[in-house]
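S.K.: Can you read through this structure? Questions will come right after.
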Protein chains: 2
Amino acid sequence: MTAPRNLLASLPDARAQELFTTLLARPGVRIERIVSQGQVTPADAPYDQNHDEWVLLLAGAARLWFDGTGEQALVPGDALLIPARVAHRVTWTQADPPTVWLAVHLGET
Amino acid sequence: MTAPRNLLASLPDARAQELFTTLLARPGVRIERIVSQGQVTPADAPYDQNHDEWVLLLAGAARLWFDGTGEQALVPGDALLIPARVAHRVTWTQADPPTVWLAVHLGET
């Protein structure tokens with residue numbers, strides 16, 4: 001086994017830009033940590049992915065907007081599936097303490 | 001998108017037995033929540049899996065023993081990969097508040 005790594009301790013400084021760290025990558029699945037400190041997705045450039053993404057908020061707080069269903073507040077422990085081809089935007093992230101996401105990308109190409 | 005589900009709220013009562021909930025299943029990947037309240041793996045029946053498992057402790061506290069490397073304490077945020085064929089046991093879990101794990105099973109057959 002590998003030594004455990006704490007995803008919430010010694011967080012990198014993400015004030016200048018969101019930080020994306022791939023924790024594990026296998027065919028068809030990639031596990032990623034994202035640290036956000038106030039960043040949002042530009043209103044004119046929503047995410048529109050070819051693959052499903054399962055997201056879990058680990059720390060902080062955030063708001064996500066989805067085309068067709070509107071905005072959703074997330075607190076730690078909240079998990080949801082973002083299906084492929086559903087346009088979405090991060091509309092708010094807590095800056096301090098930082099917001100930490102776990103993302104599991106499924107069938108990414 | 002699906003409505004978010006909070007993995008840490010309204011936890012089921014796991015005092016009588018550990019509770020395993022599959023959150024998402026796809027070819028080659030299965031995401032599971034495990035709620036433990038004091039349960040351990042019997043010393044004479046360690047886990048010995050055919051597939052890799054990535055584990056993240058979400059709440060509570062636990063200890064894991066691995067064949068060859070010994071015991072490891074886990075706190076919330078700790079993540080590690082348990083490779084296939086590495087015998088391991090859960091040697092302690094915090095009962096109250098409950099211990100909550102996220103497990104991502106990779107290439108499970």
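Here, A, B, ... name the chains of the structure tokens in the order displayed, residue numbers run from 1 inside each chain, and ligands are numbered from 1 in the same displayed order.
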Would you superpose chain A on chain B, least squares on all C-alpha atoms in order, and hand back the fitted chain as an mmCIF file with N, CA and C atoms, in the first residue's frame?
M.R.:
```cif
data_model
loop_
_atom_site.group_PDB
_atom_site.id
_atom_site.type_symbol
_atom_site.label_atom_id
_atom_site.label_comp_id
_atom_site.auth_asym_id
_atom_site.auth_seq_id
_atom_site.Cartn_x
_atom_site.Cartn_y
_atom_site.Cartn_z
ATOM 1 N N MET A 1 -28.452 16.911 -14.128
ATOM 2 C CA MET A 1 -27.697 16.487 -12.944
ATOM 3 C C MET A 1 -28.659 15.918 -11.912
ATOM 4 N N THR A 2 -28.123 15.113 -11.035
ATOM 5 C CA THR A 2 -28.906 14.560 -9.938
ATOM 6 C C THR A 2 -28.841 15.510 -8.749
ATOM 7 N N ALA A 3 -29.863 15.509 -7.908
ATOM 8 C CA ALA A 3 -29.809 16.330 -6.699
ATOM 9 C C ALA A 3 -28.660 15.850 -5.830
ATOM 10 N N PRO A 4 -27.956 16.775 -5.175
ATOM 11 C CA PRO A 4 -26.860 16.318 -4.323
ATOM 12 C C PRO A 4 -27.374 15.494 -3.158
ATOM 13 N N ARG A 5 -26.539 14.590 -2.732
ATOM 14 C CA ARG A 5 -26.849 13.759 -1.577
ATOM 15 C C ARG A 5 -25.714 13.967 -0.594
ATOM 16 N N ASN A 6 -26.042 14.245 0.655
ATOM 17 C CA ASN A 6 -24.968 14.462 1.618
ATOM 18 C C ASN A 6 -24.559 13.144 2.256
ATOM 19 N N LEU A 7 -23.267 12.824 2.118
ATOM 20 C CA LEU A 7 -22.757 11.529 2.567
ATOM 21 C C LEU A 7 -22.499 11.494 4.072
ATOM 22 N N LEU A 8 -22.575 12.682 4.722
ATOM 23 C CA LEU A 8 -22.255 12.764 6.148
ATOM 24 C C LEU A 8 -23.476 13.065 7.009
ATOM 25 N N ALA A 9 -24.607 13.403 6.383
ATOM 26 C CA ALA A 9 -25.814 13.783 7.125
ATOM 27 C C ALA A 9 -26.769 12.600 7.208
ATOM 28 N N SER A 10 -27.598 12.606 8.234
ATOM 29 C CA SER A 10 -28.624 11.562 8.413
ATOM 30 C C SER A 10 -28.027 10.173 8.219
ATOM 31 N N LEU A 11 -26.914 9.940 8.899
ATOM 32 C CA LEU A 11 -26.240 8.656 8.748
ATOM 33 C C LEU A 11 -27.110 7.523 9.282
ATOM 34 N N PRO A 12 -27.103 6.388 8.579
ATOM 35 C CA PRO A 12 -27.825 5.226 9.101
ATOM 36 C C PRO A 12 -27.135 4.696 10.354
ATOM 37 N N ASP A 13 -27.904 4.025 11.180
ATOM 38 C CA ASP A 13 -27.383 3.449 12.417
ATOM 39 C C ASP A 13 -26.582 2.196 12.075
ATOM 40 N N ALA A 14 -25.279 2.243 12.301
ATOM 41 C CA ALA A 14 -24.408 1.124 11.926
ATOM 42 C C ALA A 14 -23.865 0.408 13.157
ATOM 43 N N ARG A 15 -24.544 0.591 14.293
ATOM 44 C CA ARG A 15 -24.010 -0.043 15.505
ATOM 45 C C ARG A 15 -24.066 -1.558 15.428
ATOM 46 N N ALA A 16 -25.086 -2.098 14.767
ATOM 47 C CA ALA A 16 -25.232 -3.562 14.704
ATOM 48 C C ALA A 16 -24.321 -4.174 13.638
ATOM 49 N N GLN A 17 -24.117 -3.432 12.530
ATOM 50 C CA GLN A 17 -23.217 -3.937 11.484
ATOM 51 C C GLN A 17 -22.793 -2.795 10.575
ATOM 52 N N GLU A 18 -21.609 -2.930 9.979
ATOM 53 C CA GLU A 18 -21.141 -1.936 9.009
ATOM 54 C C GLU A 18 -22.136 -1.851 7.858
ATOM 55 N N LEU A 19 -22.323 -0.624 7.342
ATOM 56 C CA LEU A 19 -23.286 -0.433 6.264
ATOM 57 C C LEU A 19 -22.569 0.037 5.002
ATOM 58 N N PHE A 20 -22.782 -0.688 3.917
ATOM 59 C CA PHE A 20 -22.130 -0.436 2.631
ATOM 60 C C PHE A 20 -23.184 0.053 1.642
ATOM 61 N N THR A 21 -22.953 1.211 1.027
ATOM 62 C CA THR A 21 -23.897 1.774 0.060
ATOM 63 C C THR A 21 -23.159 2.097 -1.236
ATOM 64 N N THR A 22 -23.566 1.469 -2.323
ATOM 65 C CA THR A 22 -22.982 1.806 -3.620
ATOM 66 C C THR A 22 -23.599 3.113 -4.109
ATOM 67 N N LEU A 23 -22.731 4.097 -4.356
ATOM 68 C CA LEU A 23 -23.205 5.412 -4.786
ATOM 69 C C LEU A 23 -23.246 5.516 -6.302
ATOM 70 N N LEU A 24 -22.334 4.812 -6.960
ATOM 71 C CA LEU A 24 -22.256 4.866 -8.423
ATOM 72 C C LEU A 24 -21.505 3.629 -8.886
ATOM 73 N N ALA A 25 -22.009 2.982 -9.935
ATOM 74 C CA ALA A 25 -21.328 1.801 -10.478
ATOM 75 C C ALA A 25 -21.263 1.925 -11.991
ATOM 76 N N ARG A 26 -20.061 1.776 -12.509
ATOM 77 C CA ARG A 26 -19.806 1.804 -13.945
ATOM 78 C C ARG A 26 -18.849 0.669 -14.274
ATOM 79 N N PRO A 27 -18.719 0.310 -15.553
ATOM 80 C CA PRO A 27 -17.734 -0.727 -15.878
ATOM 81 C C PRO A 27 -16.346 -0.304 -15.378
ATOM 82 N N GLY A 28 -15.768 -1.104 -14.516
ATOM 83 C CA GLY A 28 -14.406 -0.841 -14.051
ATOM 84 C C GLY A 28 -14.288 0.078 -12.860
ATOM 85 N N VAL A 29 -15.396 0.673 -12.399
ATOM 86 C CA VAL A 29 -15.308 1.569 -11.243
ATOM 87 C C VAL A 29 -16.611 1.536 -10.443
ATOM 88 N N ARG A 30 -16.460 1.462 -9.127
ATOM 89 C CA ARG A 30 -17.638 1.505 -8.245
ATOM 90 C C ARG A 30 -17.292 2.372 -7.048
ATOM 91 N N ILE A 31 -18.133 3.365 -6.789
ATOM 92 C CA ILE A 31 -17.926 4.287 -5.674
ATOM 93 C C ILE A 31 -18.886 3.881 -4.556
ATOM 94 N N GLU A 32 -18.341 3.740 -3.352
ATOM 95 C CA GLU A 32 -19.109 3.182 -2.234
ATOM 96 C C GLU A 32 -18.887 4.021 -0.978
ATOM 97 N N ARG A 33 -19.952 4.182 -0.186
ATOM 98 C CA ARG A 33 -19.800 4.739 1.153
ATOM 99 C C ARG A 33 -19.907 3.611 2.161
ATOM 100 N N ILE A 34 -19.029 3.661 3.162
ATOM 101 C CA ILE A 34 -19.064 2.667 4.234
ATOM 102 C C ILE A 34 -19.191 3.409 5.555
ATOM 103 N N VAL A 35 -20.171 3.006 6.370
ATOM 104 C CA VAL A 35 -20.330 3.578 7.711
ATOM 105 C C VAL A 35 -19.974 2.501 8.730
ATOM 106 N N SER A 36 -19.007 2.818 9.584
ATOM 107 C CA SER A 36 -18.529 1.879 10.602
ATOM 108 C C SER A 36 -18.749 2.496 11.980
ATOM 109 N N GLN A 37 -19.149 1.678 12.926
ATOM 110 C CA GLN A 37 -19.269 2.141 14.312
ATOM 111 C C GLN A 37 -18.636 1.104 15.233
ATOM 112 N N GLY A 38 -17.304 1.067 15.175
ATOM 113 C CA GLY A 38 -16.573 0.182 16.067
ATOM 114 C C GLY A 38 -16.197 -1.158 15.458
ATOM 115 N N GLN A 39 -16.724 -1.467 14.261
ATOM 116 C CA GLN A 39 -16.416 -2.769 13.662
ATOM 117 C C GLN A 39 -14.944 -2.877 13.242
ATOM 118 N N VAL A 40 -14.444 -4.097 13.281
ATOM 119 C CA VAL A 40 -13.093 -4.398 12.806
ATOM 120 C C VAL A 40 -13.167 -5.653 11.945
ATOM 121 N N THR A 41 -12.092 -5.902 11.203
ATOM 122 C CA THR A 41 -11.995 -7.119 10.399
ATOM 123 C C THR A 41 -11.464 -8.240 11.278
ATOM 124 N N PRO A 42 -12.091 -9.407 11.288
ATOM 125 C CA PRO A 42 -11.572 -10.497 12.122
ATOM 126 C C PRO A 42 -10.103 -10.789 11.804
ATOM 127 N N ALA A 43 -9.317 -11.033 12.847
ATOM 128 C CA ALA A 43 -7.874 -11.233 12.676
ATOM 129 C C ALA A 43 -7.565 -12.415 11.775
ATOM 130 N N ASP A 44 -8.458 -13.399 11.747
ATOM 131 C CA ASP A 44 -8.188 -14.599 10.949
ATOM 132 C C ASP A 44 -8.844 -14.535 9.561
ATOM 133 N N ALA A 45 -9.396 -13.367 9.213
ATOM 134 C CA ALA A 45 -10.074 -13.256 7.916
ATOM 135 C C ALA A 45 -9.790 -11.893 7.272
ATOM 136 N N PRO A 46 -8.504 -11.599 7.002
ATOM 137 C CA PRO A 46 -8.183 -10.313 6.379
ATOM 138 C C PRO A 46 -8.802 -10.200 4.982
ATOM 139 N N TYR A 47 -8.987 -8.956 4.553
ATOM 140 C CA TYR A 47 -9.373 -8.726 3.160
ATOM 141 C C TYR A 47 -8.195 -9.100 2.267
ATOM 142 N N ASP A 48 -8.497 -9.718 1.120
ATOM 143 C CA ASP A 48 -7.452 -10.071 0.149
ATOM 144 C C ASP A 48 -8.136 -9.998 -1.216
ATOM 145 N N GLN A 49 -8.123 -8.805 -1.796
ATOM 146 C CA GLN A 49 -8.968 -8.513 -2.952
ATOM 147 C C GLN A 49 -8.233 -8.708 -4.280
ATOM 148 N N ASN A 50 -9.026 -9.001 -5.301
ATOM 149 C CA ASN A 50 -8.481 -9.143 -6.659
ATOM 150 C C ASN A 50 -8.330 -7.805 -7.376
ATOM 151 N N HIS A 51 -8.826 -6.741 -6.756
ATOM 152 C CA HIS A 51 -8.807 -5.432 -7.436
ATOM 153 C C HIS A 51 -8.229 -4.361 -6.522
ATOM 154 N N ASP A 52 -7.741 -3.286 -7.145
ATOM 155 C CA ASP A 52 -7.259 -2.137 -6.385
ATOM 156 C C ASP A 52 -8.444 -1.370 -5.800
ATOM 157 N N GLU A 53 -8.205 -0.769 -4.639
ATOM 158 C CA GLU A 53 -9.246 0.024 -3.979
ATOM 159 C C GLU A 53 -8.617 1.310 -3.450
ATOM 160 N N TRP A 54 -9.192 2.429 -3.844
ATOM 161 C CA TRP A 54 -8.741 3.731 -3.347
ATOM 162 C C TRP A 54 -9.688 4.147 -2.228
ATOM 163 N N VAL A 55 -9.137 4.516 -1.078
ATOM 164 C CA VAL A 55 -9.945 4.784 0.104
ATOM 165 C C VAL A 55 -9.669 6.195 0.614
ATOM 166 N N LEU A 56 -10.727 6.868 1.047
ATOM 167 C CA LEU A 56 -10.620 8.201 1.651
ATOM 168 C C LEU A 56 -11.462 8.204 2.917
ATOM 169 N N LEU A 57 -10.838 8.560 4.048
ATOM 170 C CA LEU A 57 -11.625 8.664 5.282
ATOM 171 C C LEU A 57 -12.319 10.021 5.315
ATOM 172 N N LEU A 58 -13.663 10.011 5.397
ATOM 173 C CA LEU A 58 -14.442 11.252 5.360
ATOM 174 C C LEU A 58 -14.747 11.784 6.754
ATOM 175 N N ALA A 59 -14.934 10.905 7.717
ATOM 176 C CA ALA A 59 -15.287 11.334 9.079
ATOM 177 C C ALA A 59 -14.912 10.230 10.048
ATOM 178 N N GLY A 60 -14.761 10.605 11.323
ATOM 179 C CA GLY A 60 -14.413 9.625 12.337
ATOM 180 C C GLY A 60 -12.920 9.369 12.373
ATOM 181 N N ALA A 61 -12.546 8.139 12.668
ATOM 182 C CA ALA A 61 -11.141 7.767 12.763
ATOM 183 C C ALA A 61 -11.065 6.253 12.644
ATOM 184 N N ALA A 62 -9.904 5.768 12.165
ATOM 185 C CA ALA A 62 -9.764 4.323 11.952
ATOM 186 C C ALA A 62 -8.299 3.938 11.972
ATOM 187 N N ARG A 63 -8.073 2.640 12.087
ATOM 188 C CA ARG A 63 -6.724 2.086 11.941
ATOM 189 C C ARG A 63 -6.808 0.935 10.950
ATOM 190 N N LEU A 64 -5.814 0.885 10.048
ATOM 191 C CA LEU A 64 -5.737 -0.169 9.041
ATOM 192 C C LEU A 64 -4.408 -0.881 9.193
ATOM 193 N N TRP A 65 -4.454 -2.193 9.085
ATOM 194 C CA TRP A 65 -3.236 -2.993 9.117
ATOM 195 C C TRP A 65 -3.011 -3.607 7.734
ATOM 196 N N PHE A 66 -1.741 -3.531 7.288
ATOM 197 C CA PHE A 66 -1.378 -4.083 5.983
ATOM 198 C C PHE A 66 -0.293 -5.121 6.155
ATOM 199 N N ASP A 67 -0.452 -6.223 5.471
ATOM 200 C CA ASP A 67 0.565 -7.266 5.489
ATOM 201 C C ASP A 67 1.878 -6.675 4.967
ATOM 202 N N GLY A 68 2.925 -6.779 5.763
ATOM 203 C CA GLY A 68 4.243 -6.312 5.334
ATOM 204 C C GLY A 68 4.606 -4.924 5.811
ATOM 205 N N THR A 69 3.618 -4.062 6.014
ATOM 206 C CA THR A 69 3.951 -2.694 6.423
ATOM 207 C C THR A 69 3.362 -2.303 7.772
ATOM 208 N N GLY A 70 2.472 -3.113 8.311
ATOM 209 C CA GLY A 70 1.986 -2.830 9.652
ATOM 210 C C GLY A 70 0.779 -1.922 9.698
ATOM 211 N N GLU A 71 0.607 -1.285 10.859
ATOM 212 C CA GLU A 71 -0.626 -0.552 11.131
ATOM 213 C C GLU A 71 -0.481 0.933 10.802
ATOM 214 N N GLN A 72 -1.595 1.530 10.430
ATOM 215 C CA GLN A 72 -1.618 2.916 10.002
ATOM 216 C C GLN A 72 -2.870 3.576 10.568
ATOM 217 N N ALA A 73 -2.713 4.708 11.246
ATOM 218 C CA ALA A 73 -3.872 5.458 11.736
ATOM 219 C C ALA A 73 -4.375 6.384 10.644
ATOM 220 N N LEU A 74 -5.694 6.504 10.539
ATOM 221 C CA LEU A 74 -6.298 7.377 9.534
ATOM 222 C C LEU A 74 -7.182 8.423 10.195
ATOM 223 N N VAL A 75 -7.062 9.654 9.715
ATOM 224 C CA VAL A 75 -7.926 10.746 10.156
ATOM 225 C C VAL A 75 -8.655 11.283 8.930
ATOM 226 N N PRO A 76 -9.724 12.073 9.137
ATOM 227 C CA PRO A 76 -10.467 12.582 7.980
ATOM 228 C C PRO A 76 -9.565 13.320 6.985
ATOM 229 N N GLY A 77 -9.745 13.009 5.726
ATOM 230 C CA GLY A 77 -8.919 13.575 4.658
ATOM 231 C C GLY A 77 -7.829 12.633 4.196
ATOM 232 N N ASP A 78 -7.503 11.625 5.011
ATOM 233 C CA ASP A 78 -6.462 10.669 4.625
ATOM 234 C C ASP A 78 -6.958 9.773 3.493
ATOM 235 N N ALA A 79 -6.144 9.664 2.456
ATOM 236 C CA ALA A 79 -6.485 8.846 1.289
ATOM 237 C C ALA A 79 -5.313 7.933 0.982
ATOM 238 N N LEU A 80 -5.617 6.725 0.533
ATOM 239 C CA LEU A 80 -4.552 5.802 0.148
ATOM 240 C C LEU A 80 -5.080 4.753 -0.811
ATOM 241 N N LEU A 81 -4.150 4.182 -1.566
ATOM 242 C CA LEU A 81 -4.489 3.104 -2.486
ATOM 243 C C LEU A 81 -4.142 1.778 -1.839
ATOM 244 N N ILE A 82 -5.105 0.887 -1.816
ATOM 245 C CA ILE A 82 -4.859 -0.477 -1.342
ATOM 246 C C ILE A 82 -4.748 -1.363 -2.573
ATOM 247 N N PRO A 83 -3.521 -1.765 -2.945
ATOM 248 C CA PRO A 83 -3.377 -2.552 -4.173
ATOM 249 C C PRO A 83 -4.003 -3.943 -4.020
ATOM 250 N N ALA A 84 -4.395 -4.493 -5.152
ATOM 251 C CA ALA A 84 -4.888 -5.869 -5.178
ATOM 252 C C ALA A 84 -3.866 -6.792 -4.523
ATOM 253 N N ARG A 85 -4.386 -7.811 -3.857
ATOM 254 C CA ARG A 85 -3.543 -8.885 -3.302
ATOM 255 C C ARG A 85 -2.676 -8.470 -2.120
ATOM 256 N N VAL A 86 -2.921 -7.261 -1.566
ATOM 257 C CA VAL A 86 -2.258 -6.904 -0.317
ATOM 258 C C VAL A 86 -3.268 -7.173 0.811
ATOM 259 N N ALA A 87 -2.963 -8.176 1.612
ATOM 260 C CA ALA A 87 -3.863 -8.519 2.712
ATOM 261 C C ALA A 87 -3.925 -7.347 3.689
ATOM 262 N N HIS A 88 -5.129 -7.024 4.142
ATOM 263 C CA HIS A 88 -5.285 -5.901 5.066
ATOM 264 C C HIS A 88 -6.495 -6.121 5.951
ATOM 265 N N ARG A 89 -6.452 -5.446 7.082
ATOM 266 C CA ARG A 89 -7.549 -5.527 8.045
ATOM 267 C C ARG A 89 -7.826 -4.146 8.624
ATOM 268 N N VAL A 90 -9.082 -3.867 8.875
ATOM 269 C CA VAL A 90 -9.465 -2.717 9.685
ATOM 270 C C VAL A 90 -9.319 -3.158 11.137
ATOM 271 N N THR A 91 -8.417 -2.513 11.881
ATOM 272 C CA THR A 91 -8.146 -2.963 13.249
ATOM 273 C C THR A 91 -8.855 -2.112 14.300
ATOM 274 N N TRP A 92 -9.390 -0.952 13.887
ATOM 275 C CA TRP A 92 -10.155 -0.112 14.813
ATOM 276 C C TRP A 92 -10.968 0.894 14.029
ATOM 277 N N THR A 93 -12.208 1.143 14.445
ATOM 278 C CA THR A 93 -12.984 2.263 13.904
ATOM 279 C C THR A 93 -13.665 2.981 15.047
ATOM 280 N N GLN A 94 -13.693 4.296 14.969
ATOM 281 C CA GLN A 94 -14.399 5.103 15.963
ATOM 282 C C GLN A 94 -15.896 4.838 15.841
ATOM 283 N N ALA A 95 -16.559 4.633 16.998
ATOM 284 C CA ALA A 95 -17.978 4.288 16.985
ATOM 285 C C ALA A 95 -18.881 5.518 17.051
ATOM 286 N N ASP A 96 -18.455 6.534 17.799
ATOM 287 C CA ASP A 96 -19.350 7.664 18.054
ATOM 288 C C ASP A 96 -18.532 8.929 18.233
ATOM 289 N N PRO A 97 -18.626 9.920 17.319
ATOM 290 C CA PRO A 97 -19.431 9.880 16.110
ATOM 291 C C PRO A 97 -18.931 8.795 15.139
ATOM 292 N N PRO A 98 -19.811 8.356 14.249
ATOM 293 C CA PRO A 98 -19.458 7.243 13.366
ATOM 294 C C PRO A 98 -18.294 7.558 12.428
ATOM 295 N N THR A 99 -17.711 6.498 11.921
ATOM 296 C CA THR A 99 -16.640 6.598 10.930
ATOM 297 C C THR A 99 -17.245 6.396 9.537
ATOM 298 N N VAL A 100 -16.892 7.298 8.614
ATOM 299 C CA VAL A 100 -17.439 7.243 7.254
ATOM 300 C C VAL A 100 -16.273 7.191 6.267
ATOM 301 N N TRP A 101 -16.317 6.181 5.404
ATOM 302 C CA TRP A 101 -15.288 5.981 4.382
ATOM 303 C C TRP A 101 -15.890 6.191 3.001
ATOM 304 N N LEU A 102 -15.056 6.684 2.086
ATOM 305 C CA LEU A 102 -15.379 6.614 0.668
ATOM 306 C C LEU A 102 -14.415 5.604 0.056
ATOM 307 N N ALA A 103 -14.948 4.641 -0.672
ATOM 308 C CA ALA A 103 -14.104 3.641 -1.341
ATOM 309 C C ALA A 103 -14.391 3.690 -2.838
ATOM 310 N N VAL A 104 -13.325 3.731 -3.632
ATOM 311 C CA VAL A 104 -13.471 3.649 -5.088
ATOM 312 C C VAL A 104 -12.805 2.345 -5.524
ATOM 313 N N HIS A 105 -13.631 1.398 -5.934
ATOM 314 C CA HIS A 105 -13.146 0.082 -6.362
ATOM 315 C C HIS A 105 -12.806 0.155 -7.845
ATOM 316 N N LEU A 106 -11.590 -0.298 -8.178
ATOM 317 C CA LEU A 106 -11.064 -0.135 -9.546
ATOM 318 C C LEU A 106 -10.868 -1.497 -10.189
ATOM 319 N N GLY A 107 -11.528 -1.693 -11.324
ATOM 320 C CA GLY A 107 -11.339 -2.953 -12.055
ATOM 321 C C GLY A 107 -11.868 -4.154 -11.322
ATOM 322 N N GLU A 108 -12.878 -3.921 -10.507
ATOM 323 C CA GLU A 108 -13.514 -5.001 -9.736
ATOM 324 C C GLU A 108 -14.203 -5.962 -10.704
ATOM 325 N N THR A 109 -14.116 -7.243 -10.414
ATOM 326 C CA THR A 109 -14.816 -8.200 -11.270
ATOM 327 C C THR A 109 -15.726 -9.068 -10.434
#
```
S.K.: I need the residues in region 52-107 of chain A that are strand (DSSP E or B) according to DSSP; give them as a ChimeraX atom specification.
M.R.: /A:52-59,62-66,70-74,78-82,88-93,99-106
